[in-house]
$ cat query-v8.cif   # mmCIF, C-alpha atoms
data_input
loop_
_atom_site.label_atom_id
_atom_site.label_comp_id
_atom_site.auth_asym_id
_atom_site.auth_seq_id
_atom_site.Cartn_x
_atom_site.Cartn_y
_atom_site.Cartn_z
CA MET A 1 3.15 -28.25 1.51
CA SER A 2 0.63 -25.83 2.91
CA LEU A 3 1.96 -22.72 4.67
CA ASP A 4 1.95 -22.16 8.41
CA LYS A 5 1.04 -18.73 9.78
CA HIS A 6 4.67 -17.60 9.84
CA ALA A 7 5.21 -18.55 6.20
CA MET A 8 1.97 -16.72 5.30
CA ALA A 9 3.17 -13.67 7.21
CA GLU A 10 6.51 -13.80 5.38
CA LEU A 11 4.77 -14.05 2.00
CA ILE A 12 2.63 -11.00 2.79
CA ALA A 13 5.61 -9.06 4.17
CA ASN A 14 7.49 -9.60 0.93
CA ASP A 15 4.50 -8.40 -1.12
CA ILE A 16 4.15 -5.10 0.73
CA PRO A 17 5.68 -2.33 -1.38
CA ARG A 18 8.80 -0.67 -0.03
CA GLY A 19 8.03 2.44 1.98
CA ALA A 20 4.32 1.69 2.24
CA TYR A 21 2.18 2.96 5.12
CA VAL A 22 0.55 -0.17 6.53
CA ASN A 23 -1.95 -1.14 9.22
CA LEU A 24 -1.77 -4.70 10.54
CA GLY A 25 -5.00 -5.98 12.09
CA ILE A 26 -5.21 -7.56 15.51
CA GLY A 27 -4.26 -11.26 15.71
CA GLN A 28 -2.32 -13.15 13.04
CA PRO A 29 -1.71 -10.11 10.80
CA THR A 30 0.58 -8.64 13.47
CA LEU A 31 3.04 -11.46 12.60
CA VAL A 32 3.69 -9.70 9.29
CA ALA A 33 5.75 -7.08 11.16
CA ASP A 34 8.28 -9.75 12.18
CA HIS A 35 8.97 -10.62 8.55
CA LEU A 36 9.34 -7.18 6.98
CA PRO A 37 12.80 -6.88 5.44
CA ALA A 38 15.06 -4.66 7.56
CA ASP A 39 15.37 -2.12 4.74
CA SER A 40 11.67 -2.23 3.74
CA GLY A 41 11.03 1.34 4.88
CA VAL A 42 7.47 0.25 5.75
CA VAL A 43 5.78 2.56 8.26
CA LEU A 44 3.28 0.86 10.55
CA HIS A 45 0.09 2.69 11.52
CA THR A 46 -1.88 1.79 14.62
CA GLU A 47 -5.42 3.17 14.73
CA ASN A 48 -5.13 4.31 18.33
CA GLY A 49 -3.03 7.17 17.07
CA MET A 50 0.53 6.41 16.02
CA LEU A 51 2.67 6.13 12.89
CA ASN A 52 6.00 4.33 12.68
CA MET A 53 5.16 2.01 15.51
CA GLY A 54 8.09 -0.11 16.70
CA PRO A 55 8.22 -3.70 17.95
CA ALA A 56 6.51 -4.96 21.10
CA ALA A 57 7.95 -3.51 24.31
CA THR A 58 9.67 -5.73 26.84
CA GLY A 59 10.86 -5.22 30.41
CA ASP A 60 11.67 -1.60 31.22
CA GLN A 61 10.41 -0.46 27.82
CA ILE A 62 6.80 -1.13 28.81
CA ASP A 63 4.88 2.15 29.11
CA PRO A 64 1.13 2.08 29.82
CA ASP A 65 0.71 5.17 27.61
CA LEU A 66 2.20 3.42 24.56
CA MET A 67 0.26 0.51 23.16
CA ASN A 68 -1.03 -0.80 19.86
CA ALA A 69 -4.63 -1.38 18.77
CA GLY A 70 -4.53 -4.82 20.39
CA LYS A 71 -3.56 -3.05 23.65
CA ILE A 72 -0.12 -4.68 23.58
CA PRO A 73 2.72 -2.42 24.82
CA VAL A 74 4.88 -1.30 21.89
CA THR A 75 7.84 1.01 21.25
CA GLU A 76 8.64 4.19 19.34
CA LEU A 77 11.01 4.37 16.38
CA PRO A 78 12.84 7.45 15.09
CA GLY A 79 10.20 9.28 13.04
CA SER A 80 7.23 8.10 15.09
CA SER A 81 4.30 10.50 15.42
CA TYR A 82 1.16 10.64 17.54
CA PHE A 83 -2.28 11.99 16.64
CA HIS A 84 -5.82 11.77 17.95
CA HIS A 85 -8.45 9.25 16.93
CA ALA A 86 -10.35 11.41 14.43
CA ASP A 87 -7.10 12.11 12.56
CA SER A 88 -6.11 8.47 12.75
CA PHE A 89 -9.30 7.33 11.06
CA ALA A 90 -9.30 10.24 8.61
CA MET A 91 -5.95 8.84 7.50
CA MET A 92 -7.62 5.56 6.60
CA ARG A 93 -10.84 6.87 5.15
CA GLY A 94 -9.03 9.59 3.24
CA GLY A 95 -7.08 7.01 1.27
CA HIS A 96 -3.67 7.79 2.75
CA LEU A 97 -2.96 4.29 4.05
CA ASP A 98 -1.44 2.04 1.38
CA VAL A 99 -2.20 -1.41 2.76
CA CYS A 100 -4.06 -3.03 5.60
CA VAL A 101 -3.84 -6.71 6.47
CA LEU A 102 -6.90 -8.14 8.20
CA GLY A 103 -8.08 -11.50 9.46
CA ALA A 104 -11.42 -12.85 8.22
CA PHE A 105 -14.20 -15.33 8.91
CA GLN A 106 -15.19 -15.23 5.25
CA VAL A 107 -14.40 -13.41 2.01
CA SER A 108 -16.73 -13.49 -0.98
CA ALA A 109 -15.80 -13.80 -4.64
CA ALA A 110 -16.76 -10.13 -5.03
CA GLY A 111 -14.39 -9.10 -2.24
CA ASP A 112 -16.99 -8.69 0.52
CA LEU A 113 -15.39 -9.12 3.93
CA ALA A 114 -16.89 -10.69 7.06
CA ASN A 115 -14.57 -10.46 10.05
CA TRP A 116 -16.30 -8.72 12.96
CA HIS A 117 -19.20 -10.80 14.21
CA THR A 118 -20.29 -14.41 14.05
CA GLY A 119 -23.90 -13.30 14.39
CA GLU A 120 -24.51 -15.90 17.08
CA PRO A 121 -27.09 -14.71 19.63
CA GLU A 122 -24.74 -15.32 22.59
CA ALA A 123 -21.86 -13.38 21.03
CA ILE A 124 -21.35 -9.80 22.20
CA PRO A 125 -20.78 -7.76 19.06
CA ALA A 126 -17.59 -5.69 18.87
CA VAL A 127 -16.55 -3.95 15.67
CA GLY A 128 -13.64 -1.72 16.68
CA GLY A 129 -11.94 -0.21 13.64
CA ALA A 130 -12.60 -3.16 11.31
CA MET A 131 -15.24 -1.44 9.16
CA ASP A 132 -13.23 1.76 8.86
CA LEU A 133 -10.07 -0.13 7.87
CA ALA A 134 -11.89 -2.34 5.38
CA ILE A 135 -13.16 0.57 3.32
CA GLY A 136 -10.27 2.93 3.97
CA ALA A 137 -6.96 1.41 2.96
CA LYS A 138 -5.97 1.57 -0.72
CA SER A 139 -5.26 -2.18 -0.71
CA VAL A 140 -6.94 -4.62 1.65
CA PHE A 141 -5.15 -7.94 2.15
CA VAL A 142 -6.81 -10.74 4.06
CA MET A 143 -4.76 -13.33 5.94
CA MET A 144 -6.70 -16.44 6.93
CA THR A 145 -6.78 -20.21 6.79
CA LEU A 146 -8.65 -21.30 3.66
CA PHE A 147 -10.82 -23.83 5.45
CA ALA A 148 -12.80 -23.52 8.68
CA LYS A 149 -12.50 -26.17 11.39
CA ASP A 150 -15.50 -28.03 9.89
CA GLY A 151 -13.69 -28.19 6.52
CA SER A 152 -15.85 -25.62 4.75
CA ALA A 153 -14.09 -23.04 2.60
CA LYS A 154 -13.93 -19.47 3.92
CA LEU A 155 -13.71 -18.09 0.39
CA VAL A 156 -17.38 -18.16 -0.61
CA GLU A 157 -19.80 -16.99 -3.27
CA LYS A 158 -21.73 -14.93 -0.68
CA CYS A 159 -20.79 -14.37 2.97
CA SER A 160 -23.15 -15.94 5.51
CA TYR A 161 -21.60 -13.99 8.42
CA PRO A 162 -22.47 -10.30 8.92
CA LEU A 163 -20.45 -8.09 6.56
CA THR A 164 -17.64 -5.76 7.56
CA GLY A 165 -17.36 -4.14 4.14
CA VAL A 166 -18.69 -4.59 0.61
CA GLY A 167 -16.31 -5.31 -2.28
CA CYS A 168 -13.31 -4.11 -0.29
CA VAL A 169 -10.84 -7.03 -0.39
CA ASP A 170 -8.07 -7.06 -3.00
CA ARG A 171 -6.10 -10.17 -2.07
CA VAL A 172 -6.62 -13.22 0.10
CA TYR A 173 -3.55 -14.93 1.51
CA THR A 174 -4.27 -18.42 2.82
CA ASP A 175 -2.35 -21.51 3.84
CA HIS A 176 -3.25 -23.28 0.58
CA ALA A 177 -3.26 -20.52 -2.03
CA THR A 178 -3.08 -16.80 -2.70
CA PHE A 179 -6.15 -15.35 -4.42
CA LEU A 180 -6.49 -12.06 -6.27
CA ILE A 181 -9.97 -10.52 -6.32
CA THR A 182 -10.17 -8.90 -9.75
CA PRO A 183 -12.96 -7.39 -11.88
CA ASP A 184 -12.78 -10.57 -13.99
CA GLY A 185 -13.13 -12.91 -11.01
CA VAL A 186 -11.03 -14.71 -8.45
CA VAL A 187 -7.56 -15.46 -9.80
CA VAL A 188 -5.39 -18.09 -8.10
CA ARG A 189 -1.92 -16.53 -8.02
CA GLU A 190 -0.17 -19.54 -6.50
CA THR A 191 -0.96 -22.71 -4.59
CA PHE A 192 0.82 -24.44 -1.71
CA GLY A 193 0.69 -28.24 -1.47
CA ILE A 194 -2.52 -28.50 -3.47
CA SER A 195 -3.18 -28.56 -7.21
CA PHE A 196 -5.35 -25.99 -8.94
CA ASP A 197 -7.91 -28.72 -9.74
CA GLU A 198 -8.09 -29.93 -6.14
CA LEU A 199 -8.48 -26.34 -4.99
CA ALA A 200 -11.25 -25.73 -7.55
CA ALA A 201 -13.04 -28.83 -6.27
CA ARG A 202 -12.94 -27.72 -2.61
CA VAL A 203 -13.66 -23.99 -2.97
CA PRO A 204 -17.25 -23.13 -3.97
CA VAL A 205 -16.21 -20.16 -6.11
CA LYS A 206 -15.27 -20.03 -9.79
CA LEU A 207 -11.48 -19.84 -9.79
CA LEU A 208 -9.34 -18.53 -12.62
CA ALA A 209 -5.88 -19.90 -13.29
CA PRO A 210 -3.07 -17.33 -13.22
CA ALA A 211 -2.39 -15.62 -16.53
CA ARG A 212 0.72 -17.10 -18.12
CA MET B 1 -13.36 31.80 30.33
CA SER B 2 -10.26 29.89 31.34
CA ALA B 3 -10.48 26.53 33.06
CA THR B 4 -11.00 26.18 36.79
CA ILE B 5 -8.16 24.32 38.48
CA CYS B 6 -9.86 22.02 40.99
CA ASP B 7 -8.35 20.81 44.26
CA SER B 8 -9.86 17.34 44.00
CA ALA B 9 -11.47 14.96 41.55
CA ALA B 10 -14.66 15.24 43.64
CA GLU B 11 -14.73 19.00 43.06
CA ALA B 12 -14.03 18.43 39.36
CA VAL B 13 -17.10 16.22 38.83
CA ALA B 14 -19.49 18.20 41.05
CA GLY B 15 -22.90 18.90 39.58
CA ILE B 16 -23.04 16.13 36.96
CA GLU B 17 -26.74 15.37 36.61
CA ASP B 18 -28.66 12.12 36.38
CA GLY B 19 -29.43 11.17 32.79
CA SER B 20 -26.32 12.90 31.38
CA THR B 21 -24.40 11.70 28.35
CA ILE B 22 -20.78 11.34 29.43
CA LEU B 23 -17.90 11.03 26.98
CA VAL B 24 -15.12 9.04 28.63
CA GLY B 25 -11.66 9.15 27.04
CA GLY B 26 -9.19 6.33 26.78
CA PHE B 27 -8.40 3.33 24.64
CA GLY B 28 -8.31 0.45 27.02
CA MET B 29 -6.59 1.97 30.04
CA ALA B 30 -4.35 4.39 28.06
CA GLY B 31 -5.79 7.85 28.55
CA MET B 32 -8.60 6.52 30.74
CA PRO B 33 -9.45 9.19 33.37
CA VAL B 34 -9.69 6.64 36.18
CA GLU B 35 -9.71 9.12 39.10
CA LEU B 36 -12.49 11.19 37.49
CA VAL B 37 -14.59 8.08 36.89
CA ASP B 38 -13.99 6.99 40.50
CA ALA B 39 -15.09 10.46 41.64
CA LEU B 40 -18.20 10.19 39.45
CA ILE B 41 -19.06 6.90 41.18
CA GLU B 42 -18.81 8.69 44.55
CA GLN B 43 -20.77 11.66 43.21
CA GLY B 44 -23.64 9.32 42.43
CA ALA B 45 -25.05 10.45 39.06
CA LYS B 46 -27.15 7.68 37.52
CA ASP B 47 -29.14 6.74 34.43
CA LEU B 48 -26.10 7.78 32.38
CA THR B 49 -25.28 7.24 28.73
CA VAL B 50 -21.55 6.64 28.42
CA VAL B 51 -19.66 7.10 25.16
CA SER B 52 -16.23 5.46 25.20
CA ASN B 53 -14.25 3.21 22.89
CA ASN B 54 -14.42 0.23 25.23
CA ALA B 55 -16.92 -0.78 27.88
CA GLY B 56 -14.57 -1.03 30.83
CA ASN B 57 -11.61 -3.20 31.75
CA GLY B 58 -11.25 -5.29 34.89
CA ASP B 59 -13.07 -3.97 37.93
CA THR B 60 -11.86 -0.37 38.10
CA GLY B 61 -12.68 2.90 36.34
CA LEU B 62 -15.47 2.60 33.81
CA ALA B 63 -16.05 -1.05 34.72
CA ALA B 64 -16.70 0.00 38.33
CA LEU B 65 -19.21 2.64 37.19
CA LEU B 66 -21.02 -0.03 35.16
CA ALA B 67 -20.93 -2.46 38.09
CA LYS B 68 -22.73 0.12 40.25
CA GLY B 69 -25.63 0.10 37.79
CA ARG B 70 -25.25 3.80 36.95
CA VAL B 71 -25.10 3.37 33.20
CA ARG B 72 -28.26 2.89 31.16
CA LYS B 73 -26.61 2.80 27.76
CA MET B 74 -23.09 2.26 26.41
CA VAL B 75 -22.09 3.78 23.07
CA CYS B 76 -18.81 2.18 22.02
CA SER B 77 -16.93 0.36 19.27
CA PHE B 78 -15.37 -2.55 21.12
CA PRO B 79 -17.10 -3.70 24.31
CA ARG B 80 -15.87 -7.29 24.18
CA GLN B 81 -12.38 -7.74 25.59
CA SER B 82 -10.60 -10.36 27.62
CA ASP B 83 -11.25 -8.36 30.80
CA SER B 84 -14.71 -6.87 30.10
CA TRP B 85 -16.57 -9.28 32.38
CA VAL B 86 -18.58 -6.50 34.07
CA PHE B 87 -20.07 -5.27 30.80
CA ASP B 88 -20.48 -8.82 29.45
CA GLY B 89 -22.54 -9.83 32.48
CA LEU B 90 -24.80 -6.76 32.35
CA TYR B 91 -25.32 -7.14 28.61
CA ARG B 92 -26.20 -10.83 28.80
CA ALA B 93 -28.61 -10.08 31.66
CA GLY B 94 -30.29 -7.38 29.55
CA LYS B 95 -29.36 -4.71 32.10
CA ILE B 96 -27.54 -2.38 29.73
CA GLU B 97 -28.27 -1.06 26.27
CA LEU B 98 -25.50 -1.17 23.63
CA ASP B 99 -25.15 1.18 20.68
CA LEU B 100 -22.27 -0.27 18.67
CA VAL B 101 -20.47 2.32 16.50
CA PRO B 102 -17.46 1.69 14.27
CA GLN B 103 -14.42 3.28 15.91
CA GLY B 104 -13.75 5.86 13.21
CA ASN B 105 -17.41 6.89 13.16
CA LEU B 106 -17.36 7.26 16.92
CA ALA B 107 -14.43 9.68 16.63
CA GLU B 108 -15.75 11.54 13.59
CA ARG B 109 -19.28 11.90 14.99
CA MET B 110 -17.82 13.57 18.08
CA ARG B 111 -15.53 15.66 15.90
CA ALA B 112 -18.62 16.77 13.95
CA ALA B 113 -20.39 17.70 17.19
CA GLY B 114 -17.43 19.80 18.26
CA ALA B 115 -17.06 21.44 14.87
CA GLY B 116 -20.70 22.41 14.33
CA ILE B 117 -21.35 19.92 11.52
CA GLY B 118 -25.00 18.89 11.29
CA ALA B 119 -24.33 15.43 9.80
CA PHE B 120 -21.94 13.90 7.28
CA PHE B 121 -21.84 11.18 4.65
CA CYS B 122 -19.31 8.48 5.50
CA PRO B 123 -18.42 5.29 3.58
CA THR B 124 -17.75 3.23 6.72
CA GLY B 125 -20.25 0.45 7.27
CA ALA B 126 -22.12 0.95 3.98
CA GLY B 127 -23.94 -2.29 3.13
CA THR B 128 -23.49 -3.72 6.63
CA SER B 129 -25.95 -4.32 9.46
CA LEU B 130 -24.60 -1.30 11.36
CA ALA B 131 -25.89 0.99 8.59
CA GLU B 132 -29.37 -0.54 8.48
CA GLY B 133 -32.13 2.08 8.51
CA LYS B 134 -29.69 4.93 7.85
CA GLU B 135 -29.97 7.28 4.89
CA VAL B 136 -27.48 6.47 2.12
CA ARG B 137 -26.34 8.39 -0.93
CA GLU B 138 -24.29 7.56 -3.99
CA ILE B 139 -21.55 10.15 -4.46
CA ASP B 140 -19.12 9.72 -7.37
CA GLY B 141 -20.04 6.05 -7.64
CA ARG B 142 -19.51 5.22 -3.99
CA THR B 143 -22.11 4.54 -1.30
CA TYR B 144 -22.05 6.75 1.78
CA VAL B 145 -24.07 6.56 4.99
CA LEU B 146 -25.47 9.62 6.76
CA GLU B 147 -24.04 9.90 10.26
CA TYR B 148 -25.10 12.37 12.94
CA PRO B 149 -22.97 14.04 15.62
CA ILE B 150 -22.52 12.56 19.08
CA ARG B 151 -22.65 15.29 21.73
CA GLY B 152 -21.83 14.95 25.39
CA ASP B 153 -23.19 16.82 28.35
CA VAL B 154 -19.86 16.08 30.00
CA ALA B 155 -16.46 14.83 28.81
CA LEU B 156 -14.02 13.17 31.21
CA ILE B 157 -10.58 12.98 29.67
CA GLY B 158 -7.08 12.03 30.72
CA ALA B 159 -4.27 14.31 29.53
CA HIS B 160 -0.63 14.61 30.56
CA VAL B 161 0.00 18.22 31.59
CA SER B 162 -2.20 21.31 31.78
CA ASP B 163 -1.30 24.92 32.37
CA ARG B 164 -3.44 27.08 34.65
CA MET B 165 -5.59 28.19 31.70
CA GLY B 166 -6.44 24.62 30.76
CA ASN B 167 -4.23 24.19 27.71
CA LEU B 168 -3.52 20.46 27.46
CA VAL B 169 -0.73 18.26 26.18
CA TYR B 170 -0.98 14.49 26.00
CA ARG B 171 1.45 11.63 26.18
CA LYS B 172 2.00 9.03 23.43
CA THR B 173 -1.01 6.87 22.51
CA ALA B 174 -2.88 8.04 25.64
CA ARG B 175 -3.95 10.98 23.45
CA ASN B 176 -6.48 8.84 21.51
CA PHE B 177 -10.03 10.20 22.00
CA GLY B 178 -9.14 13.04 24.42
CA PRO B 179 -8.71 15.91 21.96
CA VAL B 180 -11.91 15.01 20.07
CA MET B 181 -14.03 14.54 23.19
CA ALA B 182 -12.74 17.86 24.56
CA THR B 183 -14.50 19.61 21.67
CA ALA B 184 -17.76 17.70 21.86
CA ALA B 185 -19.19 18.24 25.36
CA LYS B 186 -20.74 21.17 27.22
CA LEU B 187 -18.65 20.54 30.35
CA VAL B 188 -15.10 19.28 29.74
CA ILE B 189 -13.17 17.94 32.72
CA ALA B 190 -9.55 16.87 32.38
CA GLN B 191 -7.37 14.97 34.80
CA VAL B 192 -3.65 15.49 34.34
CA SER B 193 -0.51 14.37 36.10
CA GLU B 194 0.67 17.95 36.56
CA VAL B 195 -0.61 21.53 36.33
CA VAL B 196 2.13 24.02 35.41
CA ASP B 197 2.13 27.80 35.41
CA THR B 198 0.69 29.43 32.32
CA GLY B 199 3.49 30.11 29.85
CA ARG B 200 5.41 26.97 30.71
CA LEU B 201 3.90 24.88 27.90
CA ASP B 202 5.29 25.34 24.40
CA PRO B 203 2.40 26.91 22.43
CA GLU B 204 3.45 24.83 19.40
CA ALA B 205 2.97 21.63 21.39
CA ILE B 206 -0.49 22.30 22.84
CA VAL B 207 -2.97 19.78 21.43
CA THR B 208 -6.17 20.88 23.20
CA PRO B 209 -6.38 24.68 23.50
CA SER B 210 -7.89 26.05 26.71
CA ILE B 211 -11.09 27.25 24.98
CA TYR B 212 -12.39 23.67 25.14
CA VAL B 213 -11.54 22.93 28.76
CA ASP B 214 -13.69 23.83 31.79
CA ARG B 215 -12.15 22.06 34.77
CA VAL B 216 -8.75 20.53 35.44
CA VAL B 217 -7.53 18.43 38.31
CA ALA B 218 -4.05 17.06 38.94
CA VAL B 219 -4.12 13.48 40.23
#
$ encode --input "query-v8.cif" --output "structure tokens"
Amino acid sequence: MSLDKHAMAELIANDIPRGAYVNLGIGQPTLVADHLPADSGVVLHTENGMLNMGPAATGDQIDPDLMNAGKIPVTELPGSSYFHHADSFAMMRGGHLDVCVLGAFQVSAAGDLANWHTGEPEAIPAVGGAMDLAIGAKSVFVMMTLFAKDGSAKLVEKCSYPLTGVGCVDRVYTDHATFLITPDGVVVRETFGISFDELAARVPVKLLAPAR
Amino acid sequence: MSATICDSAAEAVAGIEDGSTILVGGFGMAGMPVELVDALIEQGAKDLTVVSNNAGNGDTGLAALLAKGRVRKMVCSFPRQSDSWVFDGLYRAGKIELDLVPQGNLAERMRAAGAGIGAFFCPTGAGTSLAEGKEVREIDGRTYVLEYPIRGDVALIGAHVSDRMGNLVYRKTARNFGPVMATAAKLVIAQVSEVVDTGRLDPEAIVTPSIYVDRVVAV
């Protein structure tokens, strides 16, 4: 069976190394936080200037001065720290952040990422921290559905949407399979409710079977 | 010279000229100097370039300044939000110019301005449409894009507490762009919730030292 977004989030959460410093992108990637093992030691970074961000705030906990990058009220944990925006992005660019998990419109076989703009003339472009995160974190994981609403694969030979970063993606977690972007090509690590051959027929990218 | 402690937001924004570039702190509404922006609307300066992470939320603060038609150009990373209808309308009507800058570049370009850096090579955006036309260089096998400083004539920032010299401390994620913007403008104006006597703030906790701050108002 294919994975729902919670099962994808759980899979990613279990792949994040213990004690890693991690940024979770706005949208579905934030679900990963709910599935981190209690003793994972993972420290969450939010680009608006905080490390060791806690869960979403509720009721009396809500403080307009304490929010995440999606502008959702959050909480502090013991060991939280605050810093200004230039430091926050220096942390990413400087290679201090271990993992970021981002959503995507498309990922190419070479690891190019398109996730900030559809390029449609009516759309108001907004990039936020997507480009900085894409090139900054040591490992970039993408979390997305494998197929768009029209059935086309979002893992492509060359992105047709405007790029966020070139050759920056390391892994692509989808509802039907997990892909590793390697120097040798795109390796299918595992599939969910679909055979390797079916996958190869529906995804317009040369896929490599996992090494045995 | 130490900061001037102003009696009102109107006094704090006095003298801002038409055509100025204004750095406006805040990430969404956290750290947004709403009272200073409201005072700027009253003050009347127009033809402004505004540098801020977002392009206004709802109908207050920066959104209200935009709605009055005072802003010629917005330099920001994330204009489109669920409550950015004022900006969205102006943009679609062709009534405002947008310079879209990745968030980290926005911060670092202001940091460079405040630190006397002429330009810097940055990997963000290399190979994307936002780097088109910019000088690039390969350094140790990686592609970098040449980015120039962003300077303000004025910075409007929201901090938590100031002392009478203008030393500032912030609160939680409302810090965001404040400390960087405070270094990057000729006239730096801070709104705070409280002004305390000099000596009351722990010197180890001060984030923006008074050298950067020109005017302070408690709101």
$ resolve_selection --input "query-v8.cif" --expression "the PyMOL selection byres ((chain B) within 6 of (chain A))" --output "list in words"
Ala30, Ser77, Phe78, Pro79, Arg80, Pro102, Gln103, Gly104, Ala107, Glu108, Thr124, Gly125, Thr128, Lys172, Thr173, Ala174, Arg175, Asn176 and Phe177 of chain B
$ resolve_selection --input "query-v8.cif" --expression "the PyMOL selection byres ((chain B and resi 198-213) around 9)" --output "PyMOL selection string"
chain B and resi 1-4+161-170+178-180+182-190+195-197+214-216
$ atom_distance --input "query-v8.cif" --atom1 "CA of Asp83 (chain B)" --atom2 "CA of Gln191 (chain B)"
24.0 Å
$ resolve_selection --input "query-v8.cif" --expression "the PyMOL selection byres ((chain A and resi 3-18) around 12)" --output "PDB file with C-alpha atoms, in the coordinates of the input"
ATOM      1  CA  MET A   1       3.150 -28.250   1.510  1.00  0.00           C
ATOM      2  CA  SER A   2       0.630 -25.830   2.910  1.00  0.00           C
ATOM      3  CA  GLY A  19       8.030   2.440   1.980  1.00  0.00           C
ATOM      4  CA  ALA A  20       4.320   1.690   2.240  1.00  0.00           C
ATOM      5  CA  TYR A  21       2.180   2.960   5.120  1.00  0.00           C
ATOM      6  CA  VAL A  22       0.550  -0.170   6.530  1.00  0.00           C
ATOM      7  CA  ASN A  23      -1.950  -1.140   9.220  1.00  0.00           C
ATOM      8  CA  LEU A  24      -1.770  -4.700  10.540  1.00  0.00           C
ATOM      9  CA  GLY A  27      -4.260 -11.260  15.710  1.00  0.00           C
ATOM     10  CA  GLN A  28      -2.320 -13.150  13.040  1.00  0.00           C
ATOM     11  CA  PRO A  29      -1.710 -10.110  10.800  1.00  0.00           C
ATOM     12  CA  THR A  30       0.580  -8.640  13.470  1.00  0.00           C
ATOM     13  CA  LEU A  31       3.040 -11.460  12.600  1.00  0.00           C
ATOM     14  CA  VAL A  32       3.690  -9.700   9.290  1.00  0.00           C
ATOM     15  CA  ALA A  33       5.750  -7.080  11.160  1.00  0.00           C
ATOM     16  CA  ASP A  34       8.280  -9.750  12.180  1.00  0.00           C
ATOM     17  CA  HIS A  35       8.970 -10.620   8.550  1.00  0.00           C
ATOM     18  CA  LEU A  36       9.340  -7.180   6.980  1.00  0.00           C
ATOM     19  CA  PRO A  37      12.800  -6.880   5.440  1.00  0.00           C
ATOM     20  CA  ALA A  38      15.060  -4.660   7.560  1.00  0.00           C
ATOM     21  CA  ASP A  39      15.370  -2.120   4.740  1.00  0.00           C
ATOM     22  CA  SER A  40      11.670  -2.230   3.740  1.00  0.00           C
ATOM     23  CA  GLY A  41      11.030   1.340   4.880  1.00  0.00           C
ATOM     24  CA  VAL A  42       7.470   0.250   5.750  1.00  0.00           C
ATOM     25  CA  VAL A  43       5.780   2.560   8.260  1.00  0.00           C
ATOM     26  CA  LEU A  44       3.280   0.860  10.550  1.00  0.00           C
ATOM     27  CA  ASP A  98      -1.440   2.040   1.380  1.00  0.00           C
ATOM     28  CA  VAL A  99      -2.200  -1.410   2.760  1.00  0.00           C
ATOM     29  CA  CYS A 100      -4.060  -3.030   5.600  1.00  0.00           C
ATOM     30  CA  VAL A 101      -3.840  -6.710   6.470  1.00  0.00           C
ATOM     31  CA  LEU A 102      -6.900  -8.140   8.200  1.00  0.00           C
ATOM     32  CA  GLY A 103      -8.080 -11.500   9.460  1.00  0.00           C
ATOM     33  CA  SER A 139      -5.260  -2.180  -0.710  1.00  0.00           C
ATOM     34  CA  VAL A 140      -6.940  -4.620   1.650  1.00  0.00           C
ATOM     35  CA  PHE A 141      -5.150  -7.940   2.150  1.00  0.00           C
ATOM     36  CA  VAL A 142      -6.810 -10.740   4.060  1.00  0.00           C
ATOM     37  CA  MET A 143      -4.760 -13.330   5.940  1.00  0.00           C
ATOM     38  CA  MET A 144      -6.700 -16.440   6.930  1.00  0.00           C
ATOM     39  CA  THR A 145      -6.780 -20.210   6.790  1.00  0.00           C
ATOM     40  CA  LEU A 146      -8.650 -21.300   3.660  1.00  0.00           C
ATOM     41  CA  ARG A 171      -6.100 -10.170  -2.070  1.00  0.00           C
ATOM     42  CA  VAL A 172      -6.620 -13.220   0.100  1.00  0.00           C
ATOM     43  CA  TYR A 173      -3.550 -14.930   1.510  1.00  0.00           C
ATOM     44  CA  THR A 174      -4.270 -18.420   2.820  1.00  0.00           C
ATOM     45  CA  ASP A 175      -2.350 -21.510   3.840  1.00  0.00           C
ATOM     46  CA  HIS A 176      -3.250 -23.280   0.580  1.00  0.00           C
ATOM     47  CA  ALA A 177      -3.260 -20.520  -2.030  1.00  0.00           C
ATOM     48  CA  THR A 178      -3.080 -16.800  -2.700  1.00  0.00           C
ATOM     49  CA  GLU A 190      -0.170 -19.540  -6.500  1.00  0.00           C
ATOM     50  CA  THR A 191      -0.960 -22.710  -4.590  1.00  0.00           C
ATOM     51  CA  PHE A 192       0.820 -24.440  -1.710  1.00  0.00           C
ATOM     52  CA  GLY A 193       0.690 -28.240  -1.470  1.00  0.00           C
ATOM     53  CA  ILE A 194      -2.520 -28.500  -3.470  1.00  0.00           C
TER      54      ILE A 194
END
$ atom_distance --input "query-v8.cif" --atom1 "CA of Leu98 (chain B)" --atom2 "CA of Val50 (chain B)"
10.0 Å
$ residues_near_point --input "query-v8.cif" --point "(-21.8, 10.0, 24.7)" --cutoff "9 Å" --atoms "all atoms listed in the file" --output "number ranges by chain"
B: 20-24, 49-52, 74-76, 110, 150-155, 185
$ residues_around --input "query-v8.cif" --residues "Gly56 (chain B)" --least-positions-apart "2" --cutoff "7 Å" --atoms "only C-alpha atoms" --output "list of chain:residue names"
B:Asn54, B:Gly58, B:Leu62, B:Ala63, B:Ser84, B:Phe87
$ write_last_selection --input "query-v8.cif" --atoms "C-alpha atoms" --output "mmCIF file, in the coordinates of the input"
data_model
loop_
_atom_site.group_PDB
_atom_site.id
_atom_site.type_symbol
_atom_site.label_atom_id
_atom_site.label_comp_id
_atom_site.auth_asym_id
_atom_site.auth_seq_id
_atom_site.Cartn_x
_atom_site.Cartn_y
_atom_site.Cartn_z
ATOM 1 C CA ASN B 54 -14.420 0.230 25.230
ATOM 2 C CA GLY B 58 -11.250 -5.290 34.890
ATOM 3 C CA LEU B 62 -15.470 2.600 33.810
ATOM 4 C CA ALA B 63 -16.050 -1.050 34.720
ATOM 5 C CA SER B 84 -14.710 -6.870 30.100
ATOM 6 C CA PHE B 87 -20.070 -5.270 30.800
#
